[in-house]
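Read through the structure below, which is laid out as structure tokens, and then see the notes.
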Amino acid sequence: MQSALKPGAAQRLANSLSQRKWRDAGIAYLFILPFLLLYILFTFLPILQGFWISLHKWDVIGSNVRFIGLRNYQILLQDKLFWSSLEHTAFFALLAGPGLIVVGLALALLLNRPIRGIGIYRTLFYMPNILSVTVVGLVFARVFAPADRGLVNVVLDSAGGQPHSWLLDVALAMPTIAVTKIWWSAGFNMLIFLAGLQDIPQELYEAGRVDGANRWVLFRHITLPGLRRPMLFVLVLQVIASVQVFPLIEVLTQGGPAGSTRPLVMYLFERTFEYWQMGYGSALAFVLFAFLFVISIAQIWFFNRREED
Amino acid sequence: MAARTVSVDAQRPPQRVRARRQGLFVQAGLIVLAALWLIPVVWTLSISFRPENSIQANLSLMLPLPFTLENYEFVFSSSRLLRWFVNSLFVAVVRTILQMALCSLAAYAFARMRFPGRRFLFPFVLIGLMVPGQATFIPVYLLFSNLRLLNTFAALILPGVASSFAVFLLVQFFRNIPIELEEAALLDGASRLAVYLRIFLPLSTPVLTTLAIFTFLGTWNEFLWPLVAATDPDIMTITIGLRNLTATVDRIEFGQTMAAAWAAGLPIVFFFLIFQRRIISGIQLSSGIN
């Protein structure tokens, strides 16, 4: 074939091929450009800028901007409010996390069988997820309202119990927020676990039953190991969401009573937009980013390793 | 063998009876849980349709009796709820359309075209998967503030458009579209744009729809960014407006608060009921399990 072409023609063909290649590359850049511009402007540069700002004393009021190196990070290590906001974030994660997994798994196990009205149940348990945090906040501020103004207290009262000031009580506020979070989000975990349950081969259960295993043994040795991947997925998402917790607490307690439920992101928000300390706020934001970055890397590493096995 | 089977049957009730008993147990458990999930909704929804004096007299009533629409009338006439609703709709729709267009175009180039720098640019875009909004919103705020563009729709819409996740998902999807379709069209002289518009977009309608639904919902419910980007009540989205309404107006009654909450919440519930199949399968797909 090659010898049938004249040398000049082969050269021309090669030229037009490479021309076409270059034109294609140009078109590809055009396709990517609009996305890339917005990506660089609103995601990539802000990360670098955020770090740069965190190296400054950057007060909007009085436009006081001065380079101070890592000073903000030093201050942060001594800042009691920073450490307490970390504690509150961890406390929230420890209260809501296990609850979300247990309730999500329980709902999935109950629904993983042919029952009448299963679609309605699934819709009902998932539905709170799509409500905005403000709607959930307004509803549960009333469900847990103090004295005789909230539903829970009215029900408790009629059952002969003591009323509580749920969201205004230092000991009860965070658990009450966690309960609200479970109502709001357990349905999401339920969907993930349902998908996982449907992936476990039925033959395993039949084989187990033939061997005389009871329901607990089947659950412990077939269901739980079979749910390894969804469990991990849910766990990672939940850790990430917990580190970022803020809107739900903002609408339920505004961080109160006496700052006892103020999480990291709320503290960062207050420093930045109430005290207008952009430098210190950015240092807090960068710490948050570092946390999440490590979690993401660990997650990617773990999932890749699992796939190589 | 036969004798053993008989003795087991004698000890335990037959399989079918056990299954039915277990089924009843499950049903009872589900009904209790369903009630726990429903009661906050039914209670507050009923309250929103009751006059204030009746609410005070019998707080825990789960029925909208006596029925009234005055709370809704008050909320719509005395606040900018309707305006915020339209703002949210506009912001969410425009951001969704822009995101679908820009991300799918970029994804096509990443998935199917060769160009110098691709091996560097794609991982560069994926860095965005690990960047939370809280890590970038201060510089983005300063940017809009310097451009004097706070309290504009541009500020509310633009920062969420370039989604690394959308590009990542669409690249995965586009890579699985058979190359023969594309090659045949290119040999026939079709341009790259035509291939993208007439082959790739139509073939990826399902994944694009799912993505669009989630972007829409995410934008509608977004909290942190609109909280700082739009403080002008004329530009606010409903999620923030609703919070301010109840946080700043002290003389808003219980029934009116709940009317405002459900006026904002019910449209999204209907949106969910219409698209629930796609939403549920989208979530289950995202976990990569099925």
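In the structure tokens, each chain is lettered A, B, ... as it comes, each chain's residues begin at 1, and ligands are numbered from 1 in order of appearance.
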Write out, as CSV, each residue of chain B that has an atom at most 7 Å from chain A, together with the closest pair of atoms and their distance in Å to one decimal, counting only C-alpha atoms, rows going by chain and rising number.
residue,atom,partner,partner_atom,distance
B:Val26,CA,A:Leu110,CA,6.2
B:Trp37,CA,A:Phe125,CA,6.7
B:Pro40,CA,A:Val143,CA,6.8
B:Thr44,CA,A:Val139,CA,6.6
B:Ser60,CA,A:Leu151,CA,6.1
B:Leu102,CA,A:Phe35,CA,5.3
B:Cys103,CA,A:Phe35,CA,6.3
B:Leu105,CA,A:Phe31,CA,5.5
B:Ala106,CA,A:Ile32,CA,4.3
B:Ala109,CA,A:Ala28,CA,5.2
B:Met113,CA,A:Ala28,CA,6.4
B:Arg114,CA,A:Ala25,CA,6.3
B:Phe115,CA,A:Ala25,CA,4.5
B:Gly128,CA,A:Thr43,CA,6.6
B:Met130,CA,A:Phe293,CA,6.0
B:Val131,CA,A:Phe289,CA,7.0
B:Pro132,CA,A:Phe289,CA,7.0
B:Gln134,CA,A:Ala285,CA,6.4
B:Ala135,CA,A:Ala285,CA,5.1
B:Thr136,CA,A:Pro46,CA,5.2
B:Ile138,CA,A:Ser282,CA,6.9
B:Pro139,CA,A:Pro46,CA,5.3
B:Val140,CA,A:Phe42,CA,6.3
B:Pro159,CA,A:Phe42,CA,5.5
B:Ala162,CA,A:Tyr39,CA,5.2
B:Asn221,CA,A:Ser132,CA,4.8
B:Phe223,CA,A:Pro247,CA,6.6
B:Thr239,CA,A:Thr134,CA,6.0
B:Leu242,CA,A:Thr134,CA,6.8
B:Arg243,CA,A:Thr134,CA,6.0
B:Ala261,CA,A:Val135,CA,5.2
B:Gly265,CA,A:Leu131,CA,6.1
B:Ile268,CA,A:Leu131,CA,6.9
B:Gln284,CA,A:Ile192,CA,5.5
B:Ser287,CA,A:Phe233,CA,6.6
B:Ile289,CA,A:Gly196,CA,6.1
B:Asn290,CA,A:Ala195,CA,6.4
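Atom pair CA of Leu208 (chain B) / CA of Phe270 (chain B) has a distance of 20.7 Å (rounded to one decimal).
Excluding Thr215 (chain B) itself and any same-chain residue fewer than 5 positions from it, the protein and nucleic acid residues within 10 Å of it, counting only C-alpha atoms, are Ala92, Val93, Arg95, Thr96, Ile97, Gln99, Met100, Gly160, Val161, Ser163, Ala166, Thr209, Thr210, Trp220 and Asn221 of chain B.
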Write out the residues from the selection above, keeping C-alpha atoms, as a CSV table (one decimal), in the first residue's frame.
chain,number,residue,atom,x,y,z
B,92,ALA,CA,-31.0,26.8,40.8
B,93,VAL,CA,-32.3,26.5,37.2
B,95,ARG,CA,-26.8,27.1,37.7
B,96,THR,CA,-28.0,23.6,36.7
B,97,ILE,CA,-28.1,24.5,33.0
B,99,GLN,CA,-23.2,23.3,35.0
B,100,MET,CA,-24.6,20.6,32.6
B,160,GLY,CA,-21.1,26.4,41.9
B,161,VAL,CA,-21.0,25.9,38.2
B,163,SER,CA,-18.2,21.0,39.4
B,166,ALA,CA,-19.9,16.4,37.3
B,209,THR,CA,-30.9,14.2,34.1
B,210,THR,CA,-29.9,12.6,37.4
B,220,TRP,CA,-32.0,25.0,46.4
B,221,ASN,CA,-30.8,23.8,49.8
Counting only C-alpha atoms, what is within 9 Å of Gly208 (chain A), bar same-chain residues fewer than 4 positions away, as a compact mmCIF listing (two decimals) with N, CA and C atoms, in the first residue's frame?
# COMPACT_ATOMS: atom_id res chain seq x y z
N GLU A 203 -27.92 -17.34 47.75
CA GLU A 203 -27.44 -18.72 47.98
C GLU A 203 -26.66 -18.82 49.28
N LEU A 204 -25.96 -17.73 49.64
CA LEU A 204 -25.19 -17.75 50.88
C LEU A 204 -26.10 -18.03 52.07
N GLY A 212 -27.77 -25.02 59.44
CA GLY A 212 -28.41 -24.87 60.75
C GLY A 212 -28.10 -23.55 61.44
N ALA A 213 -27.63 -22.54 60.70
CA ALA A 213 -27.31 -21.26 61.34
C ALA A 213 -28.60 -20.52 61.70
N ASN A 214 -28.62 -19.88 62.89
CA ASN A 214 -29.80 -19.08 63.23
C ASN A 214 -29.67 -17.68 62.64
N VAL A 217 -26.58 -15.58 63.56
CA VAL A 217 -25.35 -16.07 62.93
C VAL A 217 -25.32 -15.66 61.45
N LEU A 218 -26.47 -15.77 60.79
CA LEU A 218 -26.54 -15.35 59.38
C LEU A 218 -26.20 -13.87 59.24
N ILE A 222 -22.84 -13.35 57.36
CA ILE A 222 -23.11 -13.15 55.93
C ILE A 222 -23.47 -11.68 55.66
Quiz item: Could you pull out the alpha helix (DSSP H) residues of region 48-272 of chain B from DSSP and send them as JSON, numbers by chain?
Solution: {"B": [48, 52, 53, 54, 55, 56, 57, 70, 71, 72, 73, 74, 75, 76, 77, 78, 81, 82, 83, 84, 85, 86, 87, 88, 89, 90, 91, 92, 93, 94, 95, 96, 97, 98, 99, 100, 101, 102, 103, 104, 105, 106, 107, 108, 109, 110, 111, 112, 118, 119, 120, 121, 122, 123, 124, 125, 126, 133, 134, 135, 136, 137, 138, 139, 140, 141, 142, 143, 144, 145, 146, 153, 154, 155, 156, 157, 164, 165, 166, 167, 168, 169, 170, 171, 172, 173, 174, 175, 179, 180, 181, 182, 183, 184, 185, 186, 187, 192, 193, 194, 195, 201, 202, 203, 205, 206, 207, 208, 209, 210, 211, 212, 213, 214, 215, 216, 217, 218, 219, 220, 221, 224, 225, 226, 227, 228, 229, 238, 239, 240, 241, 242, 243, 244, 245, 246, 247, 248, 254, 255, 256, 257, 258, 259, 260, 261, 262, 263, 264, 265, 266, 267, 268, 269, 270, 271, 272]}
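For the residues B:Leu61, B:Glu182, B:Leu245, B:Thr231, ranking by smallest atom-to-atom distance to Val195 (chain B) using only C-alpha atoms places B:Glu182 first.
Straight-line separation from CA of His221 (chain A) to CA of Asn304 (chain A): 24.7 Å.
Take CA of Ser78 (chain B) and CA of Met236 (chain B): the distance between them is 16.0 Å.
For Thr237 (chain B), the non-local neighbours within 8 Å, defined as residues at least 3 positions apart in the same chain or in other chains and counting only C-alpha atoms, are B:Trp84, B:Phe85, B:Asn87, B:Ser88, B:Trp220, B:Pro226, B:Ile240, B:Gly241.
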Store the residues picked out above, limited to N, CA, C and O atoms, as a PDB file, in the first residue's frame.
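Saved as result10.pdb:
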ATOM      1  N   TRP B  84     -38.483  35.267  47.216  1.00  0.00           N
ATOM      2  CA  TRP B  84     -37.374  34.370  47.518  1.00  0.00           C
ATOM      3  C   TRP B  84     -37.528  33.043  46.782  1.00  0.00           C
ATOM      4  O   TRP B  84     -36.567  32.454  46.320  1.00  0.00           O
ATOM      5  N   PHE B  85     -38.781  32.606  46.690  1.00  0.00           N
ATOM      6  CA  PHE B  85     -39.061  31.364  45.979  1.00  0.00           C
ATOM      7  C   PHE B  85     -38.634  31.492  44.517  1.00  0.00           C
ATOM      8  O   PHE B  85     -37.940  30.626  43.979  1.00  0.00           O
ATOM      9  N   ASN B  87     -36.495  33.675  43.295  1.00  0.00           N
ATOM     10  CA  ASN B  87     -35.031  33.786  43.280  1.00  0.00           C
ATOM     11  C   ASN B  87     -34.377  32.409  43.314  1.00  0.00           C
ATOM     12  O   ASN B  87     -33.463  32.120  42.543  1.00  0.00           O
ATOM     13  N   SER B  88     -34.809  31.570  44.241  1.00  0.00           N
ATOM     14  CA  SER B  88     -34.240  30.232  44.373  1.00  0.00           C
ATOM     15  C   SER B  88     -34.407  29.445  43.079  1.00  0.00           C
ATOM     16  O   SER B  88     -33.486  28.771  42.626  1.00  0.00           O
ATOM     17  N   TRP B 220     -30.761  24.582  45.675  1.00  0.00           N
ATOM     18  CA  TRP B 220     -31.950  25.037  46.398  1.00  0.00           C
ATOM     19  C   TRP B 220     -31.700  25.033  47.905  1.00  0.00           C
ATOM     20  O   TRP B 220     -32.090  25.944  48.622  1.00  0.00           O
ATOM     21  N   PRO B 226     -24.867  31.304  50.053  1.00  0.00           N
ATOM     22  CA  PRO B 226     -25.887  32.350  49.930  1.00  0.00           C
ATOM     23  C   PRO B 226     -26.060  33.170  51.205  1.00  0.00           C
ATOM     24  O   PRO B 226     -26.491  34.321  51.147  1.00  0.00           O
ATOM     25  N   ILE B 240     -32.319  30.922  52.836  1.00  0.00           N
ATOM     26  CA  ILE B 240     -31.779  31.948  53.722  1.00  0.00           C
ATOM     27  C   ILE B 240     -32.879  32.920  54.162  1.00  0.00           C
ATOM     28  O   ILE B 240     -32.951  33.298  55.332  1.00  0.00           O
ATOM     29  N   GLY B 241     -33.752  33.286  53.226  1.00  0.00           N
ATOM     30  CA  GLY B 241     -34.831  34.206  53.548  1.00  0.00           C
ATOM     31  C   GLY B 241     -35.700  33.681  54.686  1.00  0.00           C
ATOM     32  O   GLY B 241     -36.036  34.402  55.628  1.00  0.00           O
TER      33      GLY B 241
END
Self-check item: Residues near region 162-175 of chain A, cut-off 12 Å, only C-alpha atoms, skip fewer than 5 positions along chain, as a ChimeraX atom specification
Solution: /A:87-97,99,137,140-157,180-182,248-263
Quiz prompt | DSSP-assigned strand (DSSP E) among region 43-262 of chain A, expressed as an MDAnalysis selection string | solution = chainID A and resid 56:59 64:67
Got time to write the residues from that selection, all heavy atoms, as a PDB file, in the first residue's frame?
ATOM      1  N   HIS A  56      -1.712  36.521  56.883  1.00  0.00           N
ATOM      2  CA  HIS A  56      -1.815  37.955  57.155  1.00  0.00           C
ATOM      3  C   HIS A  56      -2.718  38.244  58.341  1.00  0.00           C
ATOM      4  O   HIS A  56      -3.588  37.441  58.665  1.00  0.00           O
ATOM      5  CB  HIS A  56      -2.415  38.692  55.941  1.00  0.00           C
ATOM      6  CG  HIS A  56      -1.527  38.707  54.746  1.00  0.00           C
ATOM      7  ND1 HIS A  56      -1.294  37.584  53.995  1.00  0.00           N
ATOM      8  CD2 HIS A  56      -0.817  39.707  54.173  1.00  0.00           C
ATOM      9  CE1 HIS A  56      -0.486  37.891  52.997  1.00  0.00           C
ATOM     10  NE2 HIS A  56      -0.166  39.164  53.081  1.00  0.00           N
ATOM     11  N   LYS A  57      -2.466  39.395  58.940  1.00  0.00           N
ATOM     12  CA  LYS A  57      -3.511  39.972  59.780  1.00  0.00           C
ATOM     13  C   LYS A  57      -4.354  40.765  58.795  1.00  0.00           C
ATOM     14  O   LYS A  57      -3.868  41.729  58.198  1.00  0.00           O
ATOM     15  CB  LYS A  57      -2.887  40.882  60.829  1.00  0.00           C
ATOM     16  CG  LYS A  57      -3.887  41.473  61.801  1.00  0.00           C
ATOM     17  CD  LYS A  57      -3.151  42.226  62.908  1.00  0.00           C
ATOM     18  CE  LYS A  57      -4.110  43.046  63.745  1.00  0.00           C
ATOM     19  NZ  LYS A  57      -5.162  42.264  64.385  1.00  0.00           N
ATOM     20  N   TRP A  58      -5.572  40.323  58.543  1.00  0.00           N
ATOM     21  CA  TRP A  58      -6.357  40.845  57.413  1.00  0.00           C
ATOM     22  C   TRP A  58      -7.720  41.280  57.954  1.00  0.00           C
ATOM     23  O   TRP A  58      -8.696  40.549  57.842  1.00  0.00           O
ATOM     24  CB  TRP A  58      -6.502  39.733  56.362  1.00  0.00           C
ATOM     25  CG  TRP A  58      -7.011  40.174  55.024  1.00  0.00           C
ATOM     26  CD1 TRP A  58      -8.188  40.773  54.753  1.00  0.00           C
ATOM     27  CD2 TRP A  58      -6.345  40.011  53.761  1.00  0.00           C
ATOM     28  NE1 TRP A  58      -8.316  41.007  53.416  1.00  0.00           N
ATOM     29  CE2 TRP A  58      -7.198  40.547  52.768  1.00  0.00           C
ATOM     30  CE3 TRP A  58      -5.128  39.469  53.353  1.00  0.00           C
ATOM     31  CZ2 TRP A  58      -6.869  40.540  51.418  1.00  0.00           C
ATOM     32  CZ3 TRP A  58      -4.805  39.466  52.024  1.00  0.00           C
ATOM     33  CH2 TRP A  58      -5.659  40.001  51.071  1.00  0.00           C
ATOM     34  N   ASP A  59      -7.764  42.452  58.579  1.00  0.00           N
ATOM     35  CA  ASP A  59      -9.025  42.923  59.147  1.00  0.00           C
ATOM     36  C   ASP A  59      -9.725  43.840  58.167  1.00  0.00           C
ATOM     37  O   ASP A  59      -9.156  44.829  57.719  1.00  0.00           O
ATOM     38  CB  ASP A  59      -8.768  43.682  60.456  1.00  0.00           C
ATOM     39  CG  ASP A  59      -8.180  42.766  61.517  1.00  0.00           C
ATOM     40  OD1 ASP A  59      -8.294  41.535  61.342  1.00  0.00           O
ATOM     41  OD2 ASP A  59      -7.603  43.270  62.489  1.00  0.00           O
ATOM     42  N   ASN A  64      -6.982  46.927  57.754  1.00  0.00           N
ATOM     43  CA  ASN A  64      -5.676  46.649  58.316  1.00  0.00           C
ATOM     44  C   ASN A  64      -5.160  45.315  57.772  1.00  0.00           C
ATOM     45  O   ASN A  64      -5.615  44.258  58.193  1.00  0.00           O
ATOM     46  CB  ASN A  64      -5.807  46.622  59.847  1.00  0.00           C
ATOM     47  CG  ASN A  64      -4.487  46.379  60.512  1.00  0.00           C
ATOM     48  OD1 ASN A  64      -3.448  46.306  59.856  1.00  0.00           O
ATOM     49  ND2 ASN A  64      -4.520  46.273  61.830  1.00  0.00           N
ATOM     50  N   VAL A  65      -4.239  45.355  56.795  1.00  0.00           N
ATOM     51  CA  VAL A  65      -3.703  44.138  56.200  1.00  0.00           C
ATOM     52  C   VAL A  65      -2.182  44.135  56.346  1.00  0.00           C
ATOM     53  O   VAL A  65      -1.505  45.044  55.885  1.00  0.00           O
ATOM     54  CB  VAL A  65      -4.088  44.029  54.705  1.00  0.00           C
ATOM     55  CG1 VAL A  65      -3.435  42.805  54.085  1.00  0.00           C
ATOM     56  CG2 VAL A  65      -5.597  43.972  54.546  1.00  0.00           C
ATOM     57  N   ARG A  66      -1.668  43.103  57.031  1.00  0.00           N
ATOM     58  CA  ARG A  66      -0.243  43.074  57.318  1.00  0.00           C
ATOM     59  C   ARG A  66       0.228  41.616  57.297  1.00  0.00           C
ATOM     60  O   ARG A  66      -0.432  40.726  57.842  1.00  0.00           O
ATOM     61  CB  ARG A  66      -0.030  43.683  58.704  1.00  0.00           C
ATOM     62  CG  ARG A  66       1.404  43.938  59.102  1.00  0.00           C
ATOM     63  CD  ARG A  66       1.443  45.019  60.212  1.00  0.00           C
ATOM     64  NE  ARG A  66       0.441  44.817  61.249  1.00  0.00           N
ATOM     65  CZ  ARG A  66       0.648  44.037  62.339  1.00  0.00           C
ATOM     66  NH1 ARG A  66       1.776  43.425  62.516  1.00  0.00           N
ATOM     67  NH2 ARG A  66      -0.306  43.912  63.239  1.00  0.00           N
ATOM     68  N   PHE A  67       1.385  41.370  56.641  1.00  0.00           N
ATOM     69  CA  PHE A  67       1.920  40.004  56.596  1.00  0.00           C
ATOM     70  C   PHE A  67       2.471  39.613  57.969  1.00  0.00           C
ATOM     71  O   PHE A  67       3.271  40.350  58.546  1.00  0.00           O
ATOM     72  CB  PHE A  67       3.032  39.926  55.541  1.00  0.00           C
ATOM     73  CG  PHE A  67       3.552  38.534  55.342  1.00  0.00           C
ATOM     74  CD1 PHE A  67       2.902  37.652  54.488  1.00  0.00           C
ATOM     75  CD2 PHE A  67       4.685  38.101  56.026  1.00  0.00           C
ATOM     76  CE1 PHE A  67       3.379  36.363  54.313  1.00  0.00           C
ATOM     77  CE2 PHE A  67       5.157  36.801  55.855  1.00  0.00           C
ATOM     78  CZ  PHE A  67       4.504  35.940  54.996  1.00  0.00           C
TER      79      PHE A  67
END
